Each structure stands twice: as structure tokens, then as C-alpha cells.
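Peer 1: What follows is upload32.pdb, PDB, C-alpha atoms and all ligand atoms.
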```pdb
ATOM      1  CA  MET A   1      -8.884 -10.771 -15.787
ATOM      2  CA  ASN A   2      -6.411  -8.064 -16.782
ATOM      3  CA  LYS A   3      -7.666  -4.655 -15.723
ATOM      4  CA  GLY A   4      -4.180  -3.176 -15.413
ATOM      5  CA  PHE A   5      -4.498  -2.525 -11.681
ATOM      6  CA  THR A   6      -1.333  -1.875  -9.657
ATOM      7  CA  ASP A   7      -1.181  -2.748  -5.956
ATOM      8  CA  LEU A   8       1.128  -0.321  -4.151
ATOM      9  CA  HIS A   9       0.787  -1.781  -0.649
ATOM     10  CA  SER A  10       1.127  -5.481   0.099
ATOM     11  CA  HIS A  11       2.911  -7.949   2.330
ATOM     12  CA  ILE A  12       3.463 -10.608  -0.320
ATOM     13  CA  LEU A  13       7.160 -10.913   0.454
ATOM     14  CA  TYR A  14       7.351 -14.372   2.003
ATOM     15  CA  GLU A  15       8.826 -15.066   5.445
ATOM     16  CA  THR A  16       9.216 -11.361   6.101
ATOM     17  CA  ASP A  17       7.720  -9.661   9.202
ATOM     18  CA  ASP A  18       3.960 -10.301   9.376
ATOM     19  CA  GLY A  19       3.531 -11.035   5.672
ATOM     20  CA  SER A  20       3.122 -14.204   3.619
ATOM     21  CA  GLY A  21       4.278 -17.335   5.440
ATOM     22  CA  SER A  22       5.903 -19.063   2.470
ATOM     23  CA  ILE A  23       6.740 -18.692  -1.197
ATOM     24  CA  GLU A  24       3.882 -21.083  -1.976
ATOM     25  CA  GLU A  25       1.447 -18.791  -0.141
ATOM     26  CA  THR A  26       2.852 -15.798  -2.026
ATOM     27  CA  VAL A  27       2.228 -17.531  -5.355
ATOM     28  CA  LYS A  28      -1.369 -18.241  -4.294
ATOM     29  CA  MET A  29      -1.822 -14.618  -3.212
ATOM     30  CA  ILE A  30      -0.510 -13.371  -6.547
ATOM     31  CA  LYS A  31      -2.918 -15.672  -8.394
ATOM     32  CA  VAL A  32      -5.816 -14.068  -6.488
ATOM     33  CA  LEU A  33      -4.450 -10.605  -7.236
ATOM     34  CA  ALA A  34      -4.220 -11.427 -10.937
ATOM     35  CA  ASP A  35      -7.721 -12.903 -10.838
ATOM     36  CA  SER A  36      -8.959  -9.631  -9.336
ATOM     37  CA  GLY A  37      -7.546  -7.521 -12.166
ATOM     38  CA  PHE A  38      -4.086  -6.646 -10.846
ATOM     39  CA  THR A  39      -1.118  -6.814 -13.191
ATOM     40  CA  ALA A  40       1.659  -5.563 -10.898
ATOM     41  CA  SER A  41       2.428  -5.128  -7.214
ATOM     42  CA  CYS A  42       4.887  -3.511  -4.885
ATOM     43  CA  ALA A  43       6.067  -5.729  -2.069
ATOM     44  CA  THR A  44       6.062  -3.369   0.916
ATOM     45  CA  PRO A  45       7.513  -5.027   4.031
ATOM     46  CA  HIS A  46       7.706  -2.894   7.170
ATOM     47  CA  ASN A  47      10.694  -0.582   7.283
ATOM     48  CA  ILE A  48      11.234   0.551  10.854
ATOM     49  CA  PRO A  49      14.011   2.578  12.496
ATOM     50  CA  GLY A  50      16.917   0.310  13.324
ATOM     51  CA  ASN A  51      16.445  -1.758  10.182
ATOM     52  CA  ASP A  52      19.327  -1.822   7.773
ATOM     53  CA  ASN A  53      17.391  -0.795   4.710
ATOM     54  CA  GLY A  54      20.214  -1.924   2.414
ATOM     55  CA  VAL A  55      19.807  -5.437   3.820
ATOM     56  CA  LEU A  56      16.005  -5.198   3.545
ATOM     57  CA  LEU A  57      16.242  -4.135  -0.088
ATOM     58  CA  SER A  58      18.729  -6.809  -1.128
ATOM     59  CA  MET A  59      16.678  -9.486   0.642
ATOM     60  CA  SER A  60      13.558  -8.143  -1.120
ATOM     61  CA  ARG A  61      15.237  -8.337  -4.515
ATOM     62  CA  GLU A  62      16.365 -11.908  -3.897
ATOM     63  CA  LYS A  63      12.892 -13.010  -2.775
ATOM     64  CA  ILE A  64      11.235 -11.189  -5.678
ATOM     65  CA  ARG A  65      13.554 -13.076  -8.056
ATOM     66  CA  ASN A  66      12.560 -16.362  -6.391
ATOM     67  CA  ILE A  67       8.877 -15.451  -6.660
ATOM     68  CA  GLY A  68       9.346 -14.711 -10.363
ATOM     69  CA  GLU A  69      10.978 -18.117 -10.861
ATOM     70  CA  ALA A  70       8.200 -19.904  -8.945
ATOM     71  CA  LEU A  71       5.596 -18.135 -11.066
ATOM     72  CA  ALA A  72       7.466 -18.934 -14.288
ATOM     73  CA  LYS A  73       7.358 -22.659 -13.441
ATOM     74  CA  GLN A  74       3.575 -22.295 -13.554
ATOM     75  CA  HIS A  75       3.791 -20.258 -16.776
ATOM     76  CA  LEU A  76       2.730 -17.109 -14.976
ATOM     77  CA  GLU A  77       4.258 -13.685 -15.200
ATOM     78  CA  TYR A  78       3.459 -11.008 -12.653
ATOM     79  CA  PRO A  79       5.878  -8.163 -11.983
ATOM     80  CA  VAL A  80       6.635  -7.496  -8.326
ATOM     81  CA  ASN A  81       8.467  -4.281  -7.496
ATOM     82  CA  THR A  82      10.451  -3.476  -4.391
ATOM     83  CA  GLY A  83       9.094  -1.036  -1.818
ATOM     84  CA  ALA A  84       8.398  -0.640   1.866
ATOM     85  CA  GLU A  85       5.836   0.550   4.346
ATOM     86  CA  ASN A  86       8.089   3.115   5.999
ATOM     87  CA  TYR A  87       7.204   3.819   9.626
ATOM     88  CA  PHE A  88       7.513   7.464  10.576
ATOM     89  CA  ASP A  89       7.024   9.032  13.974
ATOM     90  CA  ALA A  90       7.986  12.649  14.703
ATOM     91  CA  SER A  91       9.484  11.677  18.061
ATOM     92  CA  LEU A  92      12.017   9.408  16.351
ATOM     93  CA  ASN A  93      13.648  12.479  14.822
ATOM     94  CA  ILE A  94      14.329  10.757  11.484
ATOM     95  CA  LYS A  95      16.220  13.328   9.453
ATOM     96  CA  SER A  96      18.035  11.235   6.874
ATOM     97  CA  PRO A  97      16.097  10.623   3.674
ATOM     98  CA  ASP A  98      18.258   7.492   3.296
ATOM     99  CA  TYR A  99      16.023   5.839   5.884
ATOM    100  CA  PHE A 100      13.129   5.702   3.452
ATOM    101  CA  ILE A 101      12.699   2.990   0.785
ATOM    102  CA  PRO A 102      10.740   4.119  -2.307
ATOM    103  CA  LEU A 103       8.051   2.303  -4.280
ATOM    104  CA  GLY A 104       9.966   0.539  -7.070
ATOM    105  CA  ASN A 105      12.235   2.951  -8.926
ATOM    106  CA  SER A 106       9.944   5.863  -8.245
ATOM    107  CA  GLU A 107      10.622   8.774  -5.945
ATOM    108  CA  THR A 108       7.454   8.193  -3.938
ATOM    109  CA  PHE A 109       7.451   6.709  -0.447
ATOM    110  CA  LEU A 110       4.658   4.786   1.269
ATOM    111  CA  VAL A 111       4.601   6.021   4.868
ATOM    112  CA  GLU A 112       2.763   4.779   7.941
ATOM    113  CA  ILE A 113       2.421   7.012  11.026
ATOM    114  CA  PRO A 114       1.173   6.096  14.536
ATOM    115  CA  PHE A 115      -2.491   5.024  14.659
ATOM    116  CA  ILE A 116      -3.326   6.707  17.935
ATOM    117  CA  GLY A 117      -3.218  10.382  18.859
ATOM    118  CA  GLU A 118      -3.003  13.696  17.068
ATOM    119  CA  ILE A 119      -1.378  13.274  13.653
ATOM    120  CA  SER A 120      -0.437  16.874  12.889
ATOM    121  CA  HIS A 121       3.016  16.863  14.506
ATOM    122  CA  HIS A 122       3.971  13.656  12.653
ATOM    123  CA  ILE A 123       2.684  15.127   9.435
ATOM    124  CA  ASP A 124       4.525  18.429   9.972
ATOM    125  CA  ALA A 125       7.764  16.534  10.604
ATOM    126  CA  LEU A 126       7.193  14.341   7.548
ATOM    127  CA  HIS A 127       6.516  17.420   5.447
ATOM    128  CA  LYS A 128       9.868  18.865   6.500
ATOM    129  CA  THR A 129      11.676  15.888   4.918
ATOM    130  CA  GLY A 130      10.554  17.257   1.540
ATOM    131  CA  LEU A 131       9.830  13.739   0.338
ATOM    132  CA  ARG A 132       6.933  12.855  -1.960
ATOM    133  CA  CYS A 133       4.828  10.604   0.258
ATOM    134  CA  ILE A 134       1.685   8.565   0.083
ATOM    135  CA  ILE A 135       0.103   8.054   3.498
ATOM    136  CA  ALA A 136      -0.722   4.372   4.065
ATOM    137  CA  HIS A 137      -4.323   3.424   4.976
ATOM    138  CA  VAL A 138      -5.222   6.997   5.935
ATOM    139  CA  GLU A 139      -8.714   5.966   7.073
ATOM    140  CA  ARG A 140      -7.266   3.909   9.940
ATOM    141  CA  TYR A 141      -5.736   6.749  11.985
ATOM    142  CA  MET A 142      -7.939   7.587  14.960
ATOM    143  CA  ASP A 143      -7.530  11.297  14.377
ATOM    144  CA  ILE A 144      -8.913  10.896  10.837
ATOM    145  CA  VAL A 145     -11.706   8.567  12.009
ATOM    146  CA  GLN A 146     -12.836  11.254  14.448
ATOM    147  CA  ASN A 147     -12.542  14.048  11.892
ATOM    148  CA  THR A 148     -12.329  13.026   8.247
ATOM    149  CA  GLY A 149     -11.908  16.737   7.377
ATOM    150  CA  LYS A 150      -8.278  16.414   8.503
ATOM    151  CA  ALA A 151      -7.644  14.428   5.331
ATOM    152  CA  VAL A 152      -8.206  17.666   3.415
ATOM    153  CA  THR A 153      -5.309  19.223   5.334
ATOM    154  CA  LEU A 154      -3.093  16.284   4.377
ATOM    155  CA  LYS A 155      -3.981  16.713   0.716
ATOM    156  CA  GLN A 156      -3.337  20.455   0.909
ATOM    157  CA  ALA A 157       0.085  19.714   2.384
ATOM    158  CA  GLY A 158       0.850  17.702  -0.753
ATOM    159  CA  PHE A 159       0.456  14.166   0.547
ATOM    160  CA  MET A 160      -1.284  11.463  -1.439
ATOM    161  CA  LEU A 161      -3.665   9.222   0.448
ATOM    162  CA  GLN A 162      -4.006   5.433   0.245
ATOM    163  CA  MET A 163      -6.944   3.368   1.505
ATOM    164  CA  ASN A 164      -7.193  -0.370   2.246
ATOM    165  CA  PHE A 165      -9.845  -2.610   0.684
ATOM    166  CA  GLY A 166     -10.491  -4.114   4.114
ATOM    167  CA  SER A 167     -11.650  -0.775   5.505
ATOM    168  CA  LEU A 168     -14.492  -0.655   2.987
ATOM    169  CA  ILE A 169     -16.043  -3.812   4.440
ATOM    170  CA  GLY A 170     -15.470  -3.184   8.146
ATOM    171  CA  VAL A 171     -12.429  -5.399   8.743
ATOM    172  CA  TYR A 172     -11.001  -2.773  11.121
ATOM    173  CA  GLY A 173     -14.349  -1.848  12.702
ATOM    174  CA  SER A 174     -17.451   0.112  11.788
ATOM    175  CA  ASP A 175     -16.044   3.579  12.616
ATOM    176  CA  ILE A 176     -13.132   3.060  10.228
ATOM    177  CA  MET A 177     -15.533   1.728   7.603
ATOM    178  CA  LYS A 178     -17.690   4.850   7.915
ATOM    179  CA  ALA A 179     -14.624   7.098   7.642
ATOM    180  CA  ALA A 180     -13.452   5.151   4.578
ATOM    181  CA  HIS A 181     -16.787   5.633   2.829
ATOM    182  CA  VAL A 182     -16.802   9.379   3.591
ATOM    183  CA  LEU A 183     -13.221   9.842   2.360
ATOM    184  CA  LEU A 184     -13.957   7.920  -0.824
ATOM    185  CA  LYS A 185     -17.188   9.762  -1.604
ATOM    186  CA  ASN A 186     -15.452  13.108  -1.024
ATOM    187  CA  ASP A 187     -12.751  12.221  -3.536
ATOM    188  CA  LEU A 188      -9.952  12.375  -0.977
ATOM    189  CA  ILE A 189      -8.460   8.973  -1.806
ATOM    190  CA  ASP A 190      -5.760   8.756  -4.468
ATOM    191  CA  VAL A 191      -5.064   5.030  -4.332
ATOM    192  CA  ILE A 192      -6.747   1.908  -2.989
ATOM    193  CA  ALA A 193      -4.456  -1.017  -2.202
ATOM    194  CA  THR A 194      -4.781  -4.471  -0.717
ATOM    195  CA  ASP A 195      -2.313  -4.383   2.222
ATOM    196  CA  ILE A 196      -2.676  -8.173   2.029
ATOM    197  CA  HIS A 197      -0.764 -10.225   4.565
ATOM    198  CA  ASP A 198      -1.946 -13.771   3.779
ATOM    199  CA  ILE A 199      -4.064 -15.919   1.498
ATOM    200  CA  HIS A 200      -7.230 -15.424   3.574
ATOM    201  CA  HIS A 201      -6.799 -11.696   3.189
ATOM    202  CA  ALA A 202      -6.526 -12.166  -0.588
ATOM    203  CA  GLU A 203      -9.338 -14.662  -1.069
ATOM    204  CA  VAL A 204     -11.892 -13.096   1.266
ATOM    205  CA  ILE A 205     -11.091  -9.473   2.070
ATOM    206  CA  LEU A 206      -9.789  -8.392  -1.323
ATOM    207  CA  LYS A 207     -12.668 -10.022  -3.197
ATOM    208  CA  LYS A 208     -15.363  -8.631  -0.884
ATOM    209  CA  GLY A 209     -13.664  -5.231  -0.770
ATOM    210  CA  MET A 210     -13.506  -5.075  -4.559
ATOM    211  CA  LYS A 211     -17.228  -5.816  -4.831
ATOM    212  CA  ARG A 212     -18.040  -3.148  -2.234
ATOM    213  CA  LEU A 213     -15.863  -0.591  -4.009
ATOM    214  CA  GLU A 214     -17.754  -1.201  -7.244
ATOM    215  CA  THR A 215     -21.046  -0.438  -5.471
ATOM    216  CA  LEU A 216     -19.721   2.766  -3.887
ATOM    217  CA  VAL A 217     -18.147   4.602  -6.799
ATOM    218  CA  PRO A 218     -18.552   4.737 -10.600
ATOM    219  CA  PRO A 219     -16.288   2.597 -12.814
ATOM    220  CA  GLU A 220     -14.133   5.541 -13.876
ATOM    221  CA  LYS A 221     -13.236   6.214 -10.243
ATOM    222  CA  VAL A 222     -12.383   2.532  -9.712
ATOM    223  CA  THR A 223     -10.044   2.784 -12.688
ATOM    224  CA  ARG A 224      -8.460   5.934 -11.317
ATOM    225  CA  VAL A 225      -7.692   4.625  -7.808
ATOM    226  CA  LEU A 226      -6.632   1.128  -8.883
ATOM    227  CA  ARG A 227      -4.994   1.640 -12.268
ATOM    228  CA  ASP A 228      -4.208   5.191 -13.382
ATOM    229  CA  THR A 229      -2.902   6.839 -10.221
ATOM    230  CA  PRO A 230      -0.914   3.889  -8.844
ATOM    231  CA  SER A 231       0.697   3.193 -12.190
ATOM    232  CA  SER A 232       1.630   6.841 -12.617
ATOM    233  CA  ILE A 233       3.134   6.872  -9.104
ATOM    234  CA  LEU A 234       5.195   3.892 -10.155
ATOM    235  CA  ASN A 235       5.917   5.540 -13.509
ATOM    236  CA  SER A 236       9.475   4.453 -13.753
ATOM    237  CA  GLY A 237       7.976   1.037 -14.274
ATOM    238  CA  TYR A 238       9.045  -2.438 -13.474
ATOM    239  CA  THR A 239      12.669  -3.451 -13.633
ATOM    240  CA  THR A 240      13.980  -6.914 -13.213
ATOM    241  CA  PRO A 241      15.445  -7.195  -9.693
TER     242      PRO A 241
HETATM  243 FE    FE B   1       0.791  -2.700   5.455
END
```
Can you turn what I pasted into C-alpha cells?
Peer 2:
Amino acid sequence: MNKGFTDLHSHILYETDDGSGSIEETVKMIKVLADSGFTASCATPHNIPGNDNGVLLSMSREKIRNIGEALAKQHLEYPVNTGAENYFDASLNIKSPDYFIPLGNSETFLVEIPFIGEISHHIDALHKTGLRCIIAHVERYMDIVQNTGKAVTLKQAGFMLQMNFGSLIGVYGSDIMKAAHVLLKNDLIDVIATDIHDIHHAEVILKKGMKRLETLVPPEKVTRVLRDTPSSILNSGYTTP
């Protein structure tokens, strides 16, 4: 089922942090993604301070090549781009833009900030980097859960906002689910992504989340958050690792 969707946030890189446990599991996850309408993904392992991001990127490229070969043996083709879920915390005083790994060849960075506490000082510090950022699973930050209006401030500051499928069906709790629905209905979400970590996440959460999304918003909005915006973010396209 090719709907041209692009998944900008996933942990399909095998044997890497808390993501897929094996290349076989990754292949199964990709089959579910393809079955759900996705035609490309970014593999976004966690990039945290202290990581050597050159090592992370070269390991990602090698594993992406192996995934491509494993898929080819099954006569499947599914482009996987490099990327990272870049952790950012104002107190870490990260000044060098070299710390951040972009989504594919784009100049956009997926960024995760601390879940607990006031987000404004992290966001102010992130803004000062001047980088084009998409905030990962924005609905999961406690500050946003308590006041979804703060997402408007993030948008006004120039950040794009990404939501997880799991949030739509209550995987992270009912308060986060409520916040997710409000953000979506108020058109504050630019991109929805899977943030899948394993095959269960793909087979159950993605499929249920997709169904829920289709009941919450009209088809043109589904197309916008899953196909048009993510593919334009990744506009430099797929390149062979
Ligand atoms: Fe993630």
C-alpha cells in the first residue's frame, strides 16, 4: 500500500540503543511500515552529549547498507535515511552545531528536550543555535500536557512539531492522549511519526494509531502530516549510504 508516507522518527536501526533488537526484526518492522503506506524512513537513534556523532553516523550508514541488502534478498526496496533524535538540554550548554545530526541530507534536526519541567529555557537555548529544528513528540512534554497553548509559542519561534502515533491511542497515558488530540485538532502538528522501537510497536501501536488518526482528521490532513510535510523536510531526498 504505497501512500508515499515518510517516517521521520524511528528506532529501526538494529542493535542500537533501545531500538530494534536485530536486523531480522528491522526487516519485519519495515514490512509493517510499507504495509501501512510508508515509502521511506529516517533511522533516528539517540544522539546524546558524549557520543561521537561521526562514529554514530558511520555505524548508521553501515547498518542501513546491511538493511538494504537484507531487504533486497526478499526483493524489497525501502529507502532508509540517516538521522538522529538529538537530545538537547539548556543546562548542557551545547554550543557547537556539529553536535547535531540532521535528518538525511537535509538541514533539519529532530530534537528531544527533557520531559519534565518548564520547557521555555531549553527552547530559548535551542533557538539561539539558529538551527532549523523539529521538536520530537511535542505532546509528551509535561509542560505542553498541562498547557497545550505553549505549542503555539514553539510554532511562533519557528520550530516544527512532531507527534507520535502512540500518543493518539493513549500509549503514554490519557493526559498525553488528550493533549495530542487538542494539538492535532488545532492544527499545531506538522508531522506525525512512528517513533517505533520494536515489532510490537509496529504491528500494534502503528496500526491502531493510524486508524485513530483517520477518525480524527480529514484525509487531506493525514496526507499533509504523513506525506507532504515530512517529504519536504527531507527534500534533499534519499541517497545511497
Ligand atoms: Fe524516539
Peer 1: Using all atoms listed in the file, which residues of chain A come within 9 Å of ligand FE 1 (chain B), and what is the closest atom pair for each, with the distance in Å to one decimal? Give it as a tab-separated table, sorted by chain and residue number.
Peer 2:
```
residue	atom	partner	partner_atom	distance
A:His9	CA	B:FE1	FE	6.2
A:Ser10	CA	B:FE1	FE	6.0
A:His11	CA	B:FE1	FE	6.5
A:Gly19	CA	B:FE1	FE	8.8
A:Thr44	CA	B:FE1	FE	7.0
A:Pro45	CA	B:FE1	FE	7.3
A:His46	CA	B:FE1	FE	7.1
A:Ala84	CA	B:FE1	FE	8.7
A:Glu85	CA	B:FE1	FE	6.1
A:Glu112	CA	B:FE1	FE	8.1
A:Ala136	CA	B:FE1	FE	7.4
A:His137	CA	B:FE1	FE	8.0
A:Asn164	CA	B:FE1	FE	8.9
A:Thr194	CA	B:FE1	FE	8.5
A:Asp195	CA	B:FE1	FE	4.8
A:Ile196	CA	B:FE1	FE	7.3
A:His197	CA	B:FE1	FE	7.7
```
Peer 1: With the cut-off set at 10 Å and counting only C-alpha atoms, tabulate each residue of segment 14-71 of chain A with an atom at most that distance from an atom of segment 217-233 of chain A, showing the nearest atom pair and its distance in Å to one decimal, ordered by chain and increasing number, as a tab-separated table.
Peer 2:
```
residue	atom	partner	partner_atom	distance
A:Gly37	CA	A:Leu226	CA	9.3
A:Phe38	CA	A:Leu226	CA	8.4
A:Thr39	CA	A:Arg227	CA	9.3
A:Ala40	CA	A:Ser231	CA	8.9
A:Ser41	CA	A:Pro230	CA	9.8
```
Peer 1: Please evaluate the PyMOL selection byres (((chain A and resi 163) around 9) and not hetatm) against the structure above and give the resulting residues as a CSV table (one decimal) with C-alpha atoms, keeping the file's coordinate frame.
Peer 2:
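Result written to expr-v8.csv:
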```csv
chain,number,residue,atom,x,y,z
A,135,ILE,CA,0.1,8.1,3.5
A,136,ALA,CA,-0.7,4.4,4.1
A,137,HIS,CA,-4.3,3.4,5.0
A,138,VAL,CA,-5.2,7.0,5.9
A,139,GLU,CA,-8.7,6.0,7.1
A,140,ARG,CA,-7.3,3.9,9.9
A,161,LEU,CA,-3.7,9.2,0.4
A,162,GLN,CA,-4.0,5.4,0.2
A,164,ASN,CA,-7.2,-0.4,2.2
A,165,PHE,CA,-9.8,-2.6,0.7
A,166,GLY,CA,-10.5,-4.1,4.1
A,167,SER,CA,-11.6,-0.8,5.5
A,168,LEU,CA,-14.5,-0.7,3.0
A,180,ALA,CA,-13.5,5.2,4.6
A,184,LEU,CA,-14.0,7.9,-0.8
A,189,ILE,CA,-8.5,9.0,-1.8
A,190,ASP,CA,-5.8,8.8,-4.5
A,191,VAL,CA,-5.1,5.0,-4.3
A,192,ILE,CA,-6.7,1.9,-3.0
A,193,ALA,CA,-4.5,-1.0,-2.2
A,194,THR,CA,-4.8,-4.5,-0.7
```
Peer 1: Please measure the separation of atom CA of Leu56 of chain A and atom CA of Gly83 of chain A, giving the value in Å to one decimal.
Peer 2: 9.7 Å
Peer 1: Quick one: contact table of segment 10-96 of chain A to segment 116-133 of chain A, 7 Å max, nearest atom pair and distance in Å to one decimal per residue, counting all atoms listed in the file, chain and number order, as a Markdown table?
Peer 2:
```
| residue | atom | partner | partner_atom | distance |
| --- | --- | --- | --- | --- |
| A:Asp89 | CA | A:His122 | CA | 5.7 |
| A:Ala90 | CA | A:His122 | CA | 4.6 |
| A:Lys95 | CA | A:Thr129 | CA | 6.9 |
```
Peer 1: Go through A:Asp7, A:Glu69, A:Ile23, A:Met142 and flag the residue nearest Asn81 of chain A, using only C-alpha atoms for the distances.
Peer 2: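 With only C-alpha atoms as the atom set, the closest residue is A:Asp7.
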Peer 1: Write out as JSON, numbers by chain the residues lying within 12 Å of Pro79 of chain A, counting only C-alpha atoms and excluding same-chain residues fewer than 2 positions away.
Peer 2: {"A": [4, 5, 6, 7, 30, 33, 34, 38, 39, 40, 41, 42, 43, 61, 64, 65, 66, 67, 68, 69, 71, 72, 76, 77, 81, 82, 104, 237, 238, 239, 240, 241]}
Peer 1: Quote the spacing between atom CA of Tyr78 of chain A and atom CA of Asn105 of chain A in Å to one decimal place.
Peer 2: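 About the pair atom CA of Tyr78 of chain A and atom CA of Asn105 of chain A: they are 16.9 Å apart.
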Peer 1: Could you check the closest approach to Leu103 of chain A for each of A:Leu234, A:Leu13, A:Ile144, A:Val171 and tell me which residue wins, using only C-alpha atoms?
Peer 2: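 Using only C-alpha atoms, Leu103 of chain A sits closest to A:Leu234.
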Peer 1: Can you work out the spacing between atom CA of Pro114 of chain A and atom CA of Asp143 of chain A in Å, to one decimal?
Peer 2: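 Rounded to one decimal, the two atoms are 10.1 Å apart.
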Peer 1: Evaluate the PyMOL selection byres (((chain A and resi 109) around 7) and not hetatm) on the structure here and hand back the selected residues as a PyMOL selection string.
Peer 2: chain A and resi 100-103+107-108+110-111+132-134
Peer 1: For Asp198 of chain A, find every residue with an atom within 8 Å (counting all atoms listed in the file), except residues of its own chain fewer than 6 positions away, and show them as a list in words.
Peer 2: His11, Ile12, Gly19, Ser20, Gly21, Glu25, Thr26 and Met29 of chain A
Peer 1: Pick out the closest residue to Lys208 of chain A from this set: A:Leu8, A:Val32, A:Met1, A:Ile169. Count all atoms listed in the file.
Peer 2: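 The answer is A:Ile169, which sits nearest to Lys208 of chain A.
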Peer 1: For Ile176 of chain A, list every protein, DNA or RNA residue within 6 Å, evaluated using all atoms listed in the file, and leave out those in the same chain fewer than 2 positions away; present the list as a list in words.
Peer 2: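 Skipping anything fewer than 2 positions along the chain leaves Arg140, Val145, Gly173, Ser174, Lys178 and Ala179 of chain A.
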Peer 1: What are the centre and edge lengths in Å, to one decimal, of the axis-aligned box around all listed atoms of segment 30-42 of chain A with 6 Å added on each side, as AutoDock Vina command-line options?
Peer 2:
```
--center_x -2.0 --center_y -9.6 --center_z -9.0 --size_x 25.8 --size_y 24.2 --size_z 20.3
```
